[in-house]
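K.L.:
The file below is input38.cif, mmCIF, C-alpha atoms:
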```
data_coords
loop_
_atom_site.label_atom_id
_atom_site.label_comp_id
_atom_site.auth_asym_id
_atom_site.auth_seq_id
_atom_site.Cartn_x
_atom_site.Cartn_y
_atom_site.Cartn_z
CA MET A 23 97.30 106.52 121.67
CA ARG A 24 95.78 109.54 119.98
CA THR A 25 97.42 112.93 120.27
CA THR A 26 95.57 116.16 121.07
CA THR A 27 94.99 118.90 118.53
CA ALA A 28 97.58 121.08 120.28
CA SER A 29 100.13 118.29 120.10
CA ARG A 30 99.43 117.76 116.41
CA ARG A 31 100.02 121.43 115.71
CA LEU A 32 103.32 121.48 117.55
CA LEU A 33 104.58 118.33 115.87
CA ALA A 34 103.60 119.52 112.42
CA ALA A 35 105.03 122.97 112.96
CA ALA A 36 108.34 121.63 114.23
CA ALA A 37 108.75 119.20 111.36
CA LEU A 38 107.75 121.64 108.66
CA LEU A 39 109.69 124.73 109.70
CA PRO A 40 112.62 124.08 107.36
CA VAL A 41 110.25 123.09 104.58
CA LEU A 42 108.20 126.25 104.84
CA ALA A 43 111.25 128.46 105.19
CA LEU A 44 112.64 127.19 101.92
CA ALA A 45 109.27 127.30 100.22
CA ALA A 46 109.38 131.05 100.75
CA CYS A 47 112.46 131.13 98.57
CA GLY A 48 110.64 129.47 95.70
CA SER A 49 113.23 126.73 95.23
CA ASP A 50 111.07 125.18 92.50
CA PRO A 51 108.19 127.44 91.40
CA LYS A 52 106.42 124.59 89.61
CA ILE A 53 106.26 122.51 92.79
CA ALA A 54 106.65 124.81 95.75
CA GLY A 55 104.71 127.80 94.46
CA ALA A 56 106.35 130.97 93.23
CA ALA A 57 107.25 133.41 95.97
CA GLY A 58 105.72 136.83 95.61
CA ALA A 59 107.31 140.13 96.46
CA GLY A 60 105.92 139.93 99.99
CA GLY A 61 107.25 136.45 100.75
CA SER A 62 105.89 132.94 100.27
CA ALA A 63 102.96 131.81 98.18
CA ALA A 64 100.93 131.55 101.39
CA ALA A 65 100.65 135.35 101.53
CA GLU A 66 99.07 135.70 98.08
CA ASP A 67 95.35 136.50 98.26
CA VAL A 68 93.37 135.01 95.39
CA VAL A 69 90.01 134.75 97.16
CA SER A 70 88.88 137.93 98.93
CA GLY A 71 87.82 139.72 95.74
CA LEU A 72 85.24 137.07 94.80
CA ALA A 73 81.55 137.97 94.90
CA ARG A 74 78.52 135.82 95.62
CA SER A 75 77.19 133.87 92.65
CA GLU A 76 73.41 133.97 92.77
CA THR A 77 73.23 131.06 90.32
CA ALA A 78 75.35 128.78 92.48
CA ALA A 79 73.88 129.98 95.78
CA ALA A 80 70.36 129.27 94.53
CA LEU A 81 71.25 125.56 94.47
CA LEU A 82 71.77 125.48 98.25
CA PRO A 83 68.99 124.06 100.44
CA GLU A 84 66.86 126.89 101.85
CA LYS A 85 67.82 126.12 105.46
CA VAL A 86 71.52 126.44 104.57
CA ARG A 87 71.01 129.76 102.78
CA ALA A 88 69.09 131.03 105.82
CA ALA A 89 71.74 129.90 108.30
CA GLY A 90 74.61 131.13 106.13
CA VAL A 91 77.16 128.91 107.87
CA LEU A 92 78.64 125.47 107.18
CA THR A 93 80.93 123.47 109.44
CA PHE A 94 84.02 122.04 107.74
CA GLY A 95 86.00 119.24 109.30
CA SER A 96 89.54 119.85 108.08
CA SER A 97 92.89 118.10 108.37
CA PHE A 98 96.02 120.27 108.47
CA GLY A 99 99.74 119.60 108.45
CA THR A 100 100.65 118.68 104.87
CA PRO A 101 101.72 121.35 102.37
CA PRO A 102 100.62 122.29 99.83
CA SER A 103 97.18 120.82 100.69
CA ALA A 104 96.59 122.40 104.11
CA PHE A 105 99.06 123.48 106.78
CA TYR A 106 99.88 126.25 109.24
CA ALA A 107 101.76 129.26 107.94
CA ASP A 108 103.08 130.23 111.39
CA GLN A 109 104.62 128.37 114.31
CA ALA A 110 101.67 129.16 116.56
CA GLY A 111 99.36 127.24 114.24
CA ARG A 112 96.84 130.06 114.00
CA LYS A 113 96.63 130.54 110.25
CA PRO A 114 95.78 127.55 108.06
CA VAL A 115 96.72 127.95 104.41
CA GLY A 116 96.97 125.74 101.35
CA VAL A 117 95.09 124.39 98.35
CA ASP A 118 92.18 123.03 100.40
CA VAL A 119 91.90 126.26 102.37
CA ASP A 120 91.80 128.46 99.27
CA PHE A 121 89.23 126.29 97.51
CA THR A 122 87.08 126.15 100.65
CA ASP A 123 87.17 129.92 101.08
CA ALA A 124 86.58 130.56 97.36
CA VAL A 125 83.56 128.27 97.17
CA ALA A 126 82.16 129.78 100.37
CA LYS A 127 82.50 133.27 98.86
CA LEU A 128 80.54 132.27 95.76
CA LEU A 129 77.85 130.59 97.84
CA GLY A 130 77.56 133.47 100.32
CA LEU A 131 78.49 131.25 103.25
CA THR A 132 80.65 131.64 106.33
CA VAL A 133 83.14 128.84 106.95
CA ARG A 134 83.20 127.36 110.44
CA ARG A 135 86.46 125.41 110.22
CA GLU A 136 87.23 122.73 112.81
CA GLU A 137 90.53 120.88 112.83
CA ALA A 138 90.27 117.10 113.08
CA ALA A 139 92.51 114.08 112.58
CA PHE A 140 92.35 112.92 108.96
CA GLU A 141 90.99 109.47 109.77
CA THR A 142 88.09 110.87 111.84
CA ILE A 143 86.61 113.27 109.31
CA LEU A 144 84.71 110.98 106.92
CA PRO A 145 82.97 109.02 109.73
CA ALA A 146 82.00 112.35 111.32
CA LEU A 147 80.14 113.40 108.17
CA ASP A 148 77.66 110.57 108.62
CA SER A 149 77.06 111.53 112.24
CA GLY A 150 76.35 115.12 111.26
CA LYS A 151 79.26 116.60 113.21
CA PHE A 152 80.58 118.20 110.01
CA ASP A 153 78.72 119.37 106.91
CA VAL A 154 81.77 119.10 104.66
CA GLY A 155 85.14 117.39 104.94
CA THR A 156 88.48 118.55 103.51
CA GLY A 157 91.82 116.77 103.73
CA ASN A 158 92.90 116.04 100.16
CA PHE A 159 90.37 113.18 100.14
CA GLY A 160 90.81 110.97 97.09
CA VAL A 161 87.74 109.55 95.37
CA THR A 162 87.83 105.76 95.68
CA THR A 163 85.32 103.01 95.00
CA ALA A 164 85.29 102.05 98.69
CA ARG A 165 84.65 105.61 99.87
CA LEU A 166 81.87 106.17 97.32
CA LYS A 167 79.75 103.60 99.17
CA THR A 168 79.26 106.01 102.07
CA ILE A 169 80.56 109.40 100.89
CA ASP A 170 79.69 111.82 98.09
CA PHE A 171 82.39 114.00 96.58
CA VAL A 172 82.57 117.23 94.60
CA THR A 173 85.91 117.17 92.79
CA TYR A 174 88.28 120.12 92.48
CA VAL A 175 91.77 118.73 91.71
CA ASP A 176 93.48 115.58 90.49
CA ASP A 177 96.22 114.27 92.80
CA GLY A 178 96.80 110.70 93.95
CA GLN A 179 99.34 108.25 95.34
CA GLY A 180 103.10 108.49 95.06
CA PHE A 181 106.34 107.32 96.67
CA ALA A 182 109.43 109.03 98.07
CA VAL A 183 112.63 108.02 99.86
CA ARG A 184 115.45 109.77 101.64
CA LYS A 185 117.61 111.66 99.19
CA ASP A 186 120.64 109.51 100.00
CA ASN A 187 118.72 106.28 99.35
CA THR A 188 119.68 105.31 95.81
CA ALA A 189 118.78 101.63 96.17
CA VAL A 190 115.03 102.06 95.84
CA GLN A 191 113.86 102.82 92.32
CA PRO A 192 110.43 104.02 91.09
CA ILE A 193 107.66 101.76 92.40
CA THR A 194 105.45 100.41 89.64
CA ASP A 195 104.48 97.20 91.46
CA LEU A 196 104.02 96.82 95.22
CA ALA A 197 106.13 93.67 95.11
CA GLN A 198 109.11 96.04 94.80
CA LEU A 199 108.44 97.01 98.43
CA CYS A 200 108.96 93.48 99.78
CA GLY A 201 111.30 93.46 102.78
CA LEU A 202 111.03 97.22 103.26
CA THR A 203 109.26 99.35 105.86
CA VAL A 204 106.72 101.72 104.31
CA GLY A 205 105.46 104.77 106.17
CA THR A 206 102.12 106.36 105.34
CA GLY A 207 99.21 108.32 106.78
CA ALA A 208 96.66 106.66 109.07
CA GLY A 209 93.21 106.23 107.54
CA THR A 210 94.39 107.13 104.04
CA THR A 211 93.97 105.45 100.66
CA PHE A 212 97.70 104.72 100.88
CA GLU A 213 97.28 102.66 104.05
CA THR A 214 94.32 100.82 102.51
CA THR A 215 96.22 100.06 99.30
CA LEU A 216 99.30 98.81 101.13
CA ASN A 217 97.40 96.61 103.59
CA SER A 218 95.16 95.12 100.91
CA LYS A 219 98.11 94.05 98.75
CA LYS A 220 100.47 92.57 101.34
CA GLY A 221 99.97 89.13 99.81
CA VAL A 222 102.02 90.05 96.74
CA CYS A 223 105.24 89.38 98.66
CA THR A 224 104.16 85.96 99.94
CA GLU A 225 103.06 85.03 96.43
CA ALA A 226 106.49 86.04 95.16
CA GLY A 227 108.24 84.08 97.89
CA LYS A 228 109.65 87.24 99.45
CA LYS A 229 109.59 88.80 102.90
CA PRO A 230 106.45 90.94 103.35
CA TYR A 231 106.79 94.69 103.60
CA GLU A 232 105.89 96.33 106.90
CA VAL A 233 103.38 99.20 107.01
CA LYS A 234 103.73 101.92 109.63
CA ALA A 235 100.81 104.38 109.74
CA PHE A 236 101.20 107.85 111.26
CA SER A 237 98.47 110.26 112.30
CA GLU A 238 100.93 113.15 111.94
CA SER A 239 102.52 114.10 108.63
CA GLY A 240 105.41 115.67 110.56
CA ALA A 241 106.01 112.39 112.40
CA LEU A 242 105.99 110.49 109.11
CA LEU A 243 108.57 112.82 107.56
CA THR A 244 110.76 112.55 110.67
CA ALA A 245 110.56 108.74 110.53
CA LEU A 246 111.76 108.82 106.92
CA GLN A 247 114.56 111.25 107.71
CA GLN A 248 115.73 109.11 110.64
CA GLY A 249 115.62 105.88 108.64
CA ARG A 250 112.84 104.28 110.68
CA VAL A 251 110.90 103.82 107.44
CA ASP A 252 112.51 103.10 104.07
CA VAL A 253 109.81 104.50 101.81
CA GLU A 254 107.06 107.07 102.21
CA MET A 255 103.73 106.68 100.40
CA SER A 256 101.66 109.84 100.32
CA THR A 257 100.07 112.38 97.99
CA ILE A 258 101.82 113.15 94.72
CA ASN A 259 101.68 116.90 95.30
CA GLY A 260 102.76 116.62 98.93
CA LEU A 261 105.78 114.47 98.11
CA ARG A 262 106.83 116.71 95.24
CA HIS A 263 106.59 119.68 97.57
CA GLN A 264 108.78 117.90 100.14
CA ALA A 265 111.33 116.93 97.51
CA ALA A 266 111.58 120.55 96.35
CA GLN A 267 112.85 121.61 99.78
CA ASP A 268 116.53 120.75 100.30
CA ALA A 269 116.16 120.71 104.10
CA ALA A 270 113.62 117.90 103.93
CA GLY A 271 116.18 115.55 102.37
CA VAL A 272 113.55 113.73 100.33
CA ARG A 273 113.72 112.26 96.81
CA PHE A 274 110.43 111.87 94.93
CA LEU A 275 110.32 108.47 93.25
CA ASN A 276 107.20 108.43 91.09
CA GLU A 277 103.46 108.66 90.76
CA PHE A 278 101.70 105.37 91.45
CA HIS A 279 97.94 105.94 91.05
CA ARG A 280 96.09 109.14 90.17
CA LEU A 281 92.89 110.01 92.06
CA ASP A 282 90.34 112.80 91.84
CA VAL A 283 90.25 114.84 95.04
CA GLY A 284 87.11 116.46 96.32
CA PHE A 285 85.06 118.03 99.05
CA ALA A 286 83.53 115.17 101.04
CA PHE A 287 79.87 114.95 102.09
CA LYS A 288 77.51 112.52 103.74
CA LYS A 289 76.00 110.22 101.10
CA GLY A 290 72.99 111.87 99.52
CA SER A 291 73.88 115.38 100.74
CA GLU A 292 71.85 118.19 99.18
CA LEU A 293 74.94 120.43 99.20
CA THR A 294 76.75 118.80 96.29
CA PRO A 295 75.04 120.60 93.33
CA ALA A 296 75.85 124.02 94.77
CA PHE A 297 79.47 123.11 95.47
CA GLN A 298 79.87 121.67 91.97
CA ALA A 299 78.45 124.85 90.43
CA ALA A 300 80.78 126.98 92.54
CA VAL A 301 83.90 125.02 91.54
CA ASN A 302 82.90 125.20 87.88
CA GLN A 303 82.40 128.95 88.24
CA LEU A 304 85.93 129.24 89.63
CA ILE A 305 87.21 127.31 86.61
CA LYS A 306 85.28 129.58 84.26
CA ASP A 307 86.35 132.91 85.78
CA GLY A 308 90.05 131.99 86.08
CA THR A 309 90.26 131.90 89.89
CA TYR A 310 90.78 128.14 89.70
CA GLN A 311 94.00 128.45 87.70
CA ARG A 312 95.24 131.24 89.96
CA ILE A 313 94.88 128.98 93.00
CA LEU A 314 96.72 126.14 91.26
CA ARG A 315 99.53 128.45 90.14
CA LYS A 316 99.82 129.91 93.64
CA TRP A 317 100.55 126.46 95.07
CA GLY A 318 102.54 125.12 92.13
CA ILE A 319 100.13 122.31 91.20
CA THR A 320 98.93 123.26 87.72
CA ASP A 321 99.41 119.62 86.66
CA SER A 322 96.49 118.78 88.97
CA ALA A 323 93.90 120.80 87.02
CA ILE A 324 90.59 119.20 86.08
CA PRO A 325 88.44 120.42 83.15
CA GLN A 326 85.26 120.49 85.24
CA SER A 327 83.99 119.50 88.65
CA GLN A 328 82.06 116.25 89.00
CA ILE A 329 79.83 114.78 91.68
CA SER A 330 81.07 111.37 92.87
CA PRO A 331 82.79 110.17 89.67
CA SER A 332 84.10 106.63 89.46
CA GLU A 333 87.63 106.00 90.73
CA HIS A 334 90.36 106.39 88.14
CA PRO A 335 91.28 103.00 86.62
#
```
Could I get this file's structure written as structure tokens?
P.N.:
Amino acid sequence: MRTTTASRRLLAAAALLPVLALAACGSDPKIAGAAGAGGSAAAEDVVSGLARSETAAALLPEKVRAAGVLTFGSSFGTPPSAFYADQAGRKPVGVDVDFTDAVAKLLGLTVRREEAAFETILPALDSGKFDVGTGNFGVTTARLKTIDFVTYVDDGQGFAVRKDNTAVQPITDLAQLCGLTVGTGAGTTFETTLNSKKGVCTEAGKKPYEVKAFSESGALLTALQQGRVDVEMSTINGLRHQAAQDAAGVRFLNEFHRLDVGFAFKKGSELTPAFQAAVNQLIKDGTYQRILRKWGITDSAIPQSQISPSEHP
């Protein structure tokens, strides 16, 4: 059964309140983002002063320049990627939000942002419902068959457990998960990886691990906290952010597989050259590093944006 957008907002807000409250205190500046004088990192404006780049904007298709608007299908609920800064769910903030707004500024475009469930965004690009997709989408070989990407950070797959779980050690082989229940996001690379490798336990003569997929990041965190899942597989940056907040009660285990993350487009989209030029302009003028520092993810920097690169080995 699929929840409504309003339900998703309420669930995410309820689960993340303690996380966001502590993030405002800057419990770990490298992970959670340093808190400014006015409060949390979410309040820092690193975008509004940007001006249109005629060079980058010239790469847009004429009809897009004339319309001046693009529709973004966006998934919210997971800091520091994209989440709501208030309980009412009216103000989305995060890495994806800042990069979207910064690129739009350089291209002279207005962002029409529509919230959507993570697993529905990529299929909706092909149908034309959205022009661009954001949701910390990792570049994978499977996705490259139908989707083009313009990269802007390097993130990937990682594992975490409850802080009081000392039995599970860093996961370097999925066979270490045998007999455990693993929670992850629905429609993600994590779910695909886990489901495609279930045979490792049978081959090792062990009990298979169970995969539970959640459409809501807040529901996934709650399941981990309540012991309904033993291990959480999610984004490296998201798990590190959770682990930095004492109230979340999460222990980050390790990185498992790095992935480039990018804006997602329908295969063959004419928008990709302009977006790539805009991201590279942000890298050149220093805005890029300011966004990464704001959200405490400087380890995710890339030297330059690429269009649909191969998946990391």
K.L.:
I'd like a table as JSON lines: residues in range 99-208 of chain A with an atom no more than 7 Å from range 244-255 of chain A, each row giving the shortest atom pair and its distance in Å to one decimal, all atoms listed in the file counted, sorted by chain and rising residue number.
P.N.:
```
{"residue": "A:Gln179", "atom": "CA", "partner": "A:Met255", "partner_atom": "CA", "distance": 6.9}
{"residue": "A:Gly180", "atom": "CA", "partner": "A:Met255", "partner_atom": "CA", "distance": 5.7}
{"residue": "A:Phe181", "atom": "CA", "partner": "A:Met255", "partner_atom": "CA", "distance": 4.6}
{"residue": "A:Ala182", "atom": "CA", "partner": "A:Glu254", "partner_atom": "CA", "distance": 5.2}
{"residue": "A:Val183", "atom": "CA", "partner": "A:Val253", "partner_atom": "CA", "distance": 4.9}
{"residue": "A:Arg184", "atom": "CA", "partner": "A:Gln247", "partner_atom": "CA", "distance": 6.3}
{"residue": "A:Leu202", "atom": "CA", "partner": "A:Asp252", "partner_atom": "CA", "distance": 6.1}
{"residue": "A:Thr203", "atom": "CA", "partner": "A:Val251", "partner_atom": "CA", "distance": 5.0}
{"residue": "A:Val204", "atom": "CA", "partner": "A:Val253", "partner_atom": "CA", "distance": 4.9}
{"residue": "A:Gly205", "atom": "CA", "partner": "A:Glu254", "partner_atom": "CA", "distance": 4.9}
{"residue": "A:Thr206", "atom": "CA", "partner": "A:Met255", "partner_atom": "CA", "distance": 5.2}
```
K.L.:
How would the residues just picked look written out with C-alpha atoms as a tab-separated table (two decimals), in the coordinates of the input?
P.N.:
```
chain	number	residue	atom	x	y	z
A	179	GLN	CA	99.34	108.25	95.34
A	180	GLY	CA	103.10	108.49	95.06
A	181	PHE	CA	106.34	107.32	96.67
A	182	ALA	CA	109.43	109.03	98.07
A	183	VAL	CA	112.63	108.02	99.86
A	184	ARG	CA	115.45	109.77	101.64
A	202	LEU	CA	111.03	97.22	103.26
A	203	THR	CA	109.26	99.35	105.86
A	204	VAL	CA	106.72	101.72	104.31
A	205	GLY	CA	105.46	104.77	106.17
A	206	THR	CA	102.12	106.36	105.34
```
K.L.:
Evaluating the PyMOL selection byres ((chain A and resi 222) around 10) on the displayed file yields which residues, as a list in words?
P.N.:
Asp195, Leu196, Ala197, Gln198, Leu199, Cys200, Ser218, Lys219, Lys220, Gly221, Cys223, Thr224, Glu225, Ala226, Gly227, Lys228, Lys229, Pro230 and Tyr231 of chain A
K.L.:
Would you translate the PyMOL selection byres ((chain A and resi 96-103) around 7) into the concrete set of residues it matches in this file, as number ranges by chain?
P.N.:
A: 34, 94-95, 104-106, 116-118, 135-140, 155-158, 239, 260, 263, 317
K.L.:
Calculate how many Å separate CA of Glu238 in chain A from CA of Thr142 in chain A, rounding to one decimal.
P.N.:
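So the answer is 13.0 Å.
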K.L.:
Between CA of Ile193 in chain A and CA of Leu281 in chain A, what is the spacing in Å?
P.N.:
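Interatomic distance here is 16.9 Å.
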K.L.:
Leaving out Glu84 in chain A and any residue of its chain fewer than 4 positions from it, which residues lie within 12 Å of it when counting all atoms listed in the file, given as a list in words?
P.N.:
Ala79, Ala80, Ala88, Ala89, Gly90, Glu292, Leu293 and Ala296 of chain A
K.L.:
Using all atoms of range 323-334 of chain A listed in the file and a margin of 6 Å per side, can you give the axis-aligned box centre and edge lengths in Å to one decimal, as AutoDock Vina command-line options?
P.N.:
```
--center_x 86.9 --center_y 113.4 --center_z 88.0 --size_x 26.1 --size_y 26.8 --size_z 21.7
```
K.L.:
From the options A:Ala107, A:Leu128, A:Leu243, A:Leu216, which residue's atoms come nearest to Leu82 in chain A, counting only C-alpha atoms?
P.N.:
A:Leu128
K.L.:
If I take CA of Val154 in chain A and CA of Leu92 in chain A, how far is one from the other in Å, to one decimal?
P.N.:
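Here the two named atoms are 7.5 Å from each other.
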K.L.:
Written as a ChimeraX atom specification, which residues does the PyMOL selection byres ((chain A and resi 235) around 8) give for the file shown?
P.N.:
/A:205-208,213,233-234,236-237
K.L.:
Output C-alpha atoms for every residue in the selection just made, as a PDB file, in the coordinates of the input.
P.N.:
```pdb
ATOM      1  CA  GLY A 205     105.460 104.770 106.170  1.00  0.00           C
ATOM      2  CA  THR A 206     102.120 106.360 105.340  1.00  0.00           C
ATOM      3  CA  GLY A 207      99.210 108.320 106.780  1.00  0.00           C
ATOM      4  CA  ALA A 208      96.660 106.660 109.070  1.00  0.00           C
ATOM      5  CA  GLU A 213      97.280 102.660 104.050  1.00  0.00           C
ATOM      6  CA  VAL A 233     103.380  99.200 107.010  1.00  0.00           C
ATOM      7  CA  LYS A 234     103.730 101.920 109.630  1.00  0.00           C
ATOM      8  CA  PHE A 236     101.200 107.850 111.260  1.00  0.00           C
ATOM      9  CA  SER A 237      98.470 110.260 112.300  1.00  0.00           C
TER      10      SER A 237
END
```
K.L.:
Under the rule that only C-alpha atoms are counted, which of A:Asp108, A:Asp120, A:Asp170, A:Asp153 is the nearest residue to Lys289 in chain A?
P.N.:
A:Asp170
K.L.:
With distances taken over only C-alpha atoms, which residue among A:Thr162, A:Ser327, A:Thr257, A:Ser291 lies nearest Tyr310 in chain A?
P.N.:
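With only C-alpha atoms as the atom set, the closest residue is A:Ser327.
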K.L.:
Within 9 Å of Leu314 in chain A, counting only C-alpha atoms, which residues qualify if same-chain residues fewer than 6 places away don't, as an NGL selection string?
P.N.:
:A and (55 or 117 or 175 or 320-323)
K.L.:
I'd like to know which of A:Val68, A:Leu275, A:Leu131, A:Ala78 is closest to Val190 in chain A, using all atoms listed in the file.
P.N.:
A:Leu275
K.L.:
What would the list of residues within 10 Å of (79.9, 112.4, 104.7) (file frame) look like as a PyMOL selection string, if all atoms listed in the file are what count?
P.N.:
chain A and resi 143-155+165-166+168-171+285-291
